[in-house]
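Presented below is the structure to which this report refers.
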Amino acid sequence: MLEIRDLTIQYEGQPPVLEHFNLSMKKGEIISIAGESGSGKTTVIRAILGALAGGGKITEGEILFLGESLTEKSPKEWRTLRGTKISMIFQDCGGTLNPIRKIGSQYVEYICTHSRASKQEAWNRAVQMLKKMHLPDGEAVMKSYPHQLSGGMRQRVGIAMAMTFQPRLLLADEPTSALDVTTQARIVRQMMELRRDYQTGIIMVTHNLGVAAYMADKLLIMQNGKVLDQGSTEEVLHNPKSDYTRKLLAAVPEMEGARFV
Ligand SMILES: Nc1ncnc2c1ncn2[C@@H]1O[C@H](COP(=O)(O)OP(=O)(O)OP(=O)(O)O)[C@@H](O)[C@H]1O
């Protein structure tokens, strides 16, 4: 479904921040990218999204999604893909909601921008998605302002929005890092339910190897723009090739059972 070949990315006037990056992803797969701050994790997913920050450029390589080259797409074509076939969630999706507008009006607008749904259809669709994310009273959430919800609830609204069009690929940048452990665990389980129900593939960037180990089929460990370890989660956890991965693993206090940090 997604093939990244030999991808190299540079920000203006700097040496490459990502070098010869490769990744192959099947439908419905969950891939985690872990590694220290500044290793290039966010750059990878922003490149897939066609939204590299300030002056970031792909200088080599290509990204193929559903057999088509993304790197050859115009910004307009890329925008069409975003929000329907490829979606993204952030560390604090709630923070991207407008604080002075109710969730309902923002969610309905989002659906109407990306489809031909009427406002009523969009409202119903939104409530249904909120229910899917186990928000107890979707109607009440729709009538709330973002600040009236907890961080975990806002994050679930963000994930519900991102999943509305049942994208083939969900890019998640530290989706649980800002939350307490119990809420993290709940959101991790809910993301896995979404994969099960919609066969959405997920690429998740995380500092948290516990979350990565629990969720991912494949694991990539990065440092300084390079991939040090890559393979099935089992393989990387039990037979790491690099000293850096071994060090990261030794620093995870507990990875079994329901503990994610
Ligand atoms: N807009 C930018 N302009 C210049 N350099 C940038 C920009 N964004 C990122 N970089 C550089 O690219 C490198 C990789 O950054 P990136 O954000 O991809 O790392 P990361 O692994 O996601 O880190 P973190 O875990 O802190 O988010 C870093 O050296 C960073 O300084």
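The way I read the labels, and the way they are meant: chains A, B, ... in the order of the structure tokens, residue 1 as the first residue of every chain, and ligand 1 as the first ligand shown, with later ones counted on from there.
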
Would you name the residues within 10 Å of ligand 1, counting only C-alpha atoms and all ligand atoms, and put them as a PyMOL selection string?
-> chain A and resi 9-18+33-47+52-56+91+173-174+205-207+222-225

Residues from the last selection, N, CA and C atoms, saved as a short mmCIF file (atom, residue, chain, number, x, y, z; two decimals), in the first residue's frame:
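Final output, saved to again-v8.cif:
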```
data_model
loop_
_atom_site.label_atom_id
_atom_site.label_comp_id
_atom_site.auth_asym_id
_atom_site.auth_seq_id
_atom_site.Cartn_x
_atom_site.Cartn_y
_atom_site.Cartn_z
N ILE A 9 15.89 13.81 2.69
CA ILE A 9 15.24 15.12 2.89
C ILE A 9 16.22 16.11 3.51
N GLN A 10 16.18 17.32 2.98
CA GLN A 10 17.05 18.38 3.49
C GLN A 10 16.25 19.63 3.79
N TYR A 11 16.58 20.31 4.86
CA TYR A 11 16.05 21.66 5.07
C TYR A 11 17.08 22.61 4.51
N GLU A 12 16.61 23.75 4.03
CA GLU A 12 17.46 24.68 3.30
C GLU A 12 18.79 24.96 4.00
N GLY A 13 19.87 24.80 3.23
CA GLY A 13 21.20 25.15 3.72
C GLY A 13 21.73 24.24 4.81
N GLN A 14 21.07 23.07 5.02
CA GLN A 14 21.54 22.15 6.07
C GLN A 14 21.87 20.79 5.47
N PRO A 15 22.69 20.01 6.16
CA PRO A 15 22.90 18.64 5.69
C PRO A 15 21.58 17.85 5.80
N PRO A 16 21.46 16.71 5.10
CA PRO A 16 20.21 15.95 5.14
C PRO A 16 19.81 15.57 6.56
N VAL A 17 18.50 15.67 6.86
CA VAL A 17 18.01 15.26 8.17
C VAL A 17 17.43 13.84 8.10
N LEU A 18 17.27 13.37 6.85
CA LEU A 18 16.82 11.99 6.63
C LEU A 18 17.60 11.46 5.44
N ILE A 33 7.47 4.19 14.54
CA ILE A 33 8.81 4.75 14.37
C ILE A 33 9.21 5.34 15.71
N ALA A 34 10.28 4.81 16.28
CA ALA A 34 10.74 5.30 17.58
C ALA A 34 12.17 5.81 17.45
N GLY A 35 12.57 6.61 18.42
CA GLY A 35 13.94 7.13 18.39
C GLY A 35 13.97 8.46 19.08
N GLU A 36 15.21 8.94 19.32
CA GLU A 36 15.34 10.14 20.14
C GLU A 36 14.85 11.38 19.40
N SER A 37 14.72 12.45 20.15
CA SER A 37 14.28 13.73 19.61
C SER A 37 15.24 14.18 18.51
N GLY A 38 14.68 14.66 17.40
CA GLY A 38 15.52 15.16 16.32
C GLY A 38 16.03 14.08 15.37
N SER A 39 15.58 12.83 15.54
CA SER A 39 16.09 11.75 14.69
C SER A 39 15.45 11.72 13.31
N GLY A 40 14.37 12.49 13.12
CA GLY A 40 13.77 12.57 11.78
C GLY A 40 12.40 11.90 11.67
N LYS A 41 11.83 11.50 12.79
CA LYS A 41 10.56 10.77 12.78
C LYS A 41 9.42 11.63 12.19
N THR A 42 9.30 12.84 12.71
CA THR A 42 8.23 13.71 12.24
C THR A 42 8.44 14.09 10.78
N THR A 43 9.71 14.26 10.41
CA THR A 43 10.01 14.60 9.01
C THR A 43 9.47 13.51 8.08
N VAL A 44 9.61 12.24 8.46
CA VAL A 44 9.11 11.14 7.62
C VAL A 44 7.60 11.28 7.41
N ILE A 45 6.85 11.48 8.50
CA ILE A 45 5.41 11.48 8.28
C ILE A 45 4.92 12.77 7.63
N ARG A 46 5.63 13.86 7.88
CA ARG A 46 5.26 15.10 7.18
C ARG A 46 5.52 14.96 5.68
N ALA A 47 6.57 14.24 5.33
CA ALA A 47 6.87 14.04 3.90
C ALA A 47 5.75 13.23 3.24
N LEU A 52 5.96 19.19 4.46
CA LEU A 52 7.23 19.43 5.17
C LEU A 52 7.28 20.88 5.63
N ALA A 53 7.77 21.08 6.84
CA ALA A 53 7.82 22.45 7.39
C ALA A 53 8.94 23.24 6.71
N GLY A 54 8.85 24.52 6.88
CA GLY A 54 9.76 25.56 6.36
C GLY A 54 10.96 25.10 5.56
N GLY A 55 10.86 25.10 4.25
CA GLY A 55 12.01 24.86 3.38
C GLY A 55 12.46 23.41 3.29
N GLY A 56 11.72 22.47 3.88
CA GLY A 56 12.08 21.05 3.78
C GLY A 56 11.83 20.53 2.37
N GLN A 91 0.00 15.14 18.61
CA GLN A 91 0.12 14.97 20.06
C GLN A 91 -1.08 15.60 20.76
N ASP A 173 1.35 11.31 15.15
CA ASP A 173 2.61 11.82 15.72
C ASP A 173 2.45 11.96 17.22
N GLU A 174 3.03 11.07 17.97
CA GLU A 174 2.95 11.08 19.43
C GLU A 174 1.49 11.24 19.90
N VAL A 205 4.45 7.65 15.26
CA VAL A 205 5.72 8.13 15.79
C VAL A 205 5.60 8.20 17.30
N THR A 206 6.56 7.64 17.99
CA THR A 206 6.47 7.69 19.45
C THR A 206 7.86 7.66 20.10
N HIS A 207 7.92 8.26 21.28
CA HIS A 207 9.13 8.10 22.10
C HIS A 207 8.98 6.85 22.95
N MET A 222 15.11 4.90 14.87
CA MET A 222 15.91 5.90 14.15
C MET A 222 16.83 6.69 15.06
N GLN A 223 17.93 7.10 14.47
CA GLN A 223 18.84 8.03 15.15
C GLN A 223 19.52 8.88 14.08
N ASN A 224 19.59 10.17 14.29
CA ASN A 224 20.26 11.09 13.36
C ASN A 224 19.88 10.88 11.89
N GLY A 225 18.60 10.75 11.61
CA GLY A 225 18.16 10.65 10.23
C GLY A 225 18.39 9.30 9.57
#
```

Tell me which protein, DNA and RNA residues are within 10 Å of Leu135 (chain A), counting only C-alpha atoms, leaving out same-chain ones fewer than 3 positions away, and put them as JSON, numbers by chain.
-> {"A": [127, 128, 129, 130, 131, 132, 138, 139, 140, 141, 153, 154, 156, 157, 160]}

Store the residues picked out above, limited to N, CA and C atoms, as an mmCIF file, in the first residue's frame.
```
data_model
loop_
_atom_site.group_PDB
_atom_site.id
_atom_site.type_symbol
_atom_site.label_atom_id
_atom_site.label_comp_id
_atom_site.auth_asym_id
_atom_site.auth_seq_id
_atom_site.Cartn_x
_atom_site.Cartn_y
_atom_site.Cartn_z
ATOM 1 N N VAL A 127 -21.601 12.230 15.055
ATOM 2 C CA VAL A 127 -22.030 11.620 16.323
ATOM 3 C C VAL A 127 -21.713 10.125 16.317
ATOM 4 N N GLN A 128 -21.919 9.508 15.170
ATOM 5 C CA GLN A 128 -21.624 8.072 15.042
ATOM 6 C C GLN A 128 -20.126 7.793 15.250
ATOM 7 N N MET A 129 -19.283 8.657 14.675
ATOM 8 C CA MET A 129 -17.831 8.471 14.840
ATOM 9 C C MET A 129 -17.407 8.694 16.296
ATOM 10 N N LEU A 130 -18.034 9.661 16.959
ATOM 11 C CA LEU A 130 -17.689 9.926 18.365
ATOM 12 C C LEU A 130 -18.064 8.703 19.212
ATOM 13 N N LYS A 131 -19.179 8.094 18.846
ATOM 14 C CA LYS A 131 -19.620 6.891 19.558
ATOM 15 C C LYS A 131 -18.588 5.766 19.359
ATOM 16 N N LYS A 132 -18.101 5.674 18.140
ATOM 17 C CA LYS A 132 -17.091 4.670 17.804
ATOM 18 C C LYS A 132 -15.839 4.848 18.672
ATOM 19 N N GLY A 138 -22.192 11.562 22.469
ATOM 20 C CA GLY A 138 -21.717 12.275 21.279
ATOM 21 C C GLY A 138 -22.421 13.598 21.056
ATOM 22 N N GLU A 139 -23.747 13.608 21.277
ATOM 23 C CA GLU A 139 -24.517 14.850 21.057
ATOM 24 C C GLU A 139 -23.991 15.953 21.981
ATOM 25 N N ALA A 140 -23.741 15.580 23.245
ATOM 26 C CA ALA A 140 -23.255 16.575 24.215
ATOM 27 C C ALA A 140 -21.863 17.073 23.811
ATOM 28 N N VAL A 141 -21.017 16.156 23.324
ATOM 29 C CA VAL A 141 -19.678 16.557 22.885
ATOM 30 C C VAL A 141 -19.787 17.558 21.736
ATOM 31 N N MET A 153 -10.564 13.392 26.060
ATOM 32 C CA MET A 153 -11.775 13.466 25.225
ATOM 33 C C MET A 153 -11.489 14.244 23.945
ATOM 34 N N ARG A 154 -10.736 15.356 24.099
ATOM 35 C CA ARG A 154 -10.404 16.140 22.901
ATOM 36 C C ARG A 154 -9.583 15.304 21.914
ATOM 37 N N ARG A 156 -9.721 12.128 21.561
ATOM 38 C CA ARG A 156 -10.606 11.172 20.899
ATOM 39 C C ARG A 156 -11.461 11.853 19.822
ATOM 40 N N VAL A 157 -11.818 13.123 20.055
ATOM 41 C CA VAL A 157 -12.537 13.881 19.018
ATOM 42 C C VAL A 157 -11.623 14.002 17.786
ATOM 43 N N ALA A 160 -11.462 10.725 16.049
ATOM 44 C CA ALA A 160 -12.746 10.477 15.366
ATOM 45 C C ALA A 160 -12.794 11.263 14.050
#
```

9 Å contact set for Ala122 (chain A), only C-alpha atoms, chain neighbours under 6 positions out, as a PyMOL selection string | chain A and resi 107-112

From the list A:Leu66, A:Ala178, A:Ile4, A:Cys93, the nearest residue to Ile159 (chain A) using only C-alpha atoms is A:Cys93

Check which residues of region 75-175 of chain A sit at most 9 Å from region 190-200 of chain A using only C-alpha atoms, and return one row each with the closest pair of atoms and their distance in Å to one decimal, ordered by chain and rising number, as a Markdown table.
```
| residue | atom | partner | partner_atom | distance |
| --- | --- | --- | --- | --- |
| A:Lys132 | CA | A:Leu194 | CA | 8.5 |
| A:Met133 | CA | A:Gln190 | CA | 6.5 |
| A:His134 | CA | A:Gln190 | CA | 8.2 |
| A:Arg156 | CA | A:Gln190 | CA | 8.9 |
| A:Ile159 | CA | A:Met191 | CA | 8.3 |
| A:Met163 | CA | A:Leu194 | CA | 8.1 |
| A:Gln166 | CA | A:Tyr198 | CA | 6.4 |
| A:Pro167 | CA | A:Thr200 | CA | 6.2 |
| A:Arg168 | CA | A:Thr200 | CA | 4.8 |
| A:Leu169 | CA | A:Thr200 | CA | 5.5 |
| A:Leu170 | CA | A:Thr200 | CA | 6.7 |
```

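Take the candidates A:Asn124, A:Thr245, A:Gln230, A:Thr182 and check each one against Leu209 (chain A) using only C-alpha atoms; the shortest distance goes to A:Thr245.
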
Give me, as a short mmCIF file (atom, residue, chain, number, x, y, z; two decimals) with C-alpha atoms, in the first residue's frame, all polymer residues having an atom no more than 10 Å from region 233-239 of chain A, counting only C-alpha atoms and skipping those fewer than 6 positions away in the same chain.
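Generated output (result38.cif):
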```
data_model
loop_
_atom_site.label_atom_id
_atom_site.label_comp_id
_atom_site.auth_asym_id
_atom_site.auth_seq_id
_atom_site.Cartn_x
_atom_site.Cartn_y
_atom_site.Cartn_z
CA ILE A 31 4.24 0.55 11.97
CA SER A 32 5.89 2.40 14.81
CA LEU A 209 8.76 1.92 23.12
CA ALA A 212 5.22 0.84 20.06
CA ALA A 213 5.76 -2.75 21.20
CA TYR A 214 2.14 -3.19 22.18
CA MET A 215 0.61 -1.79 18.99
CA ALA A 216 2.96 -2.28 16.11
CA ASP A 217 3.45 -5.12 13.66
CA LYS A 218 6.69 -3.51 12.51
CA LEU A 219 9.14 -1.32 14.33
CA LEU A 220 11.70 1.18 13.05
CA ILE A 221 14.32 2.66 15.32
CA THR A 245 18.24 -0.05 20.18
CA ARG A 246 19.59 -2.25 22.98
CA LEU A 249 15.14 -1.32 25.32
#
```

Members of region 113-198 of chain A assigned helix (DSSP H, G or I) by DSSP, as an NGL selection string | :A and (113-114 or 119-132 or 138-142 or 146-148 or 151-163 or 181-198)

Could you make a table, as JSON lines, of the residues of region 167-236 of chain A that have an atom within 12 Å of an atom of region 145-150 of chain A, each with its nearest atom pair and distance in Å to one decimal, counting only C-alpha atoms, in chain and number order?
```
{"residue": "A:Ala178", "atom": "CA", "partner": "A:Ser150", "partner_atom": "CA", "distance": 11.6}
{"residue": "A:Leu179", "atom": "CA", "partner": "A:Ser150", "partner_atom": "CA", "distance": 9.9}
{"residue": "A:Asp180", "atom": "CA", "partner": "A:Ser150", "partner_atom": "CA", "distance": 11.1}
{"residue": "A:Thr183", "atom": "CA", "partner": "A:Ser150", "partner_atom": "CA", "distance": 10.4}
```
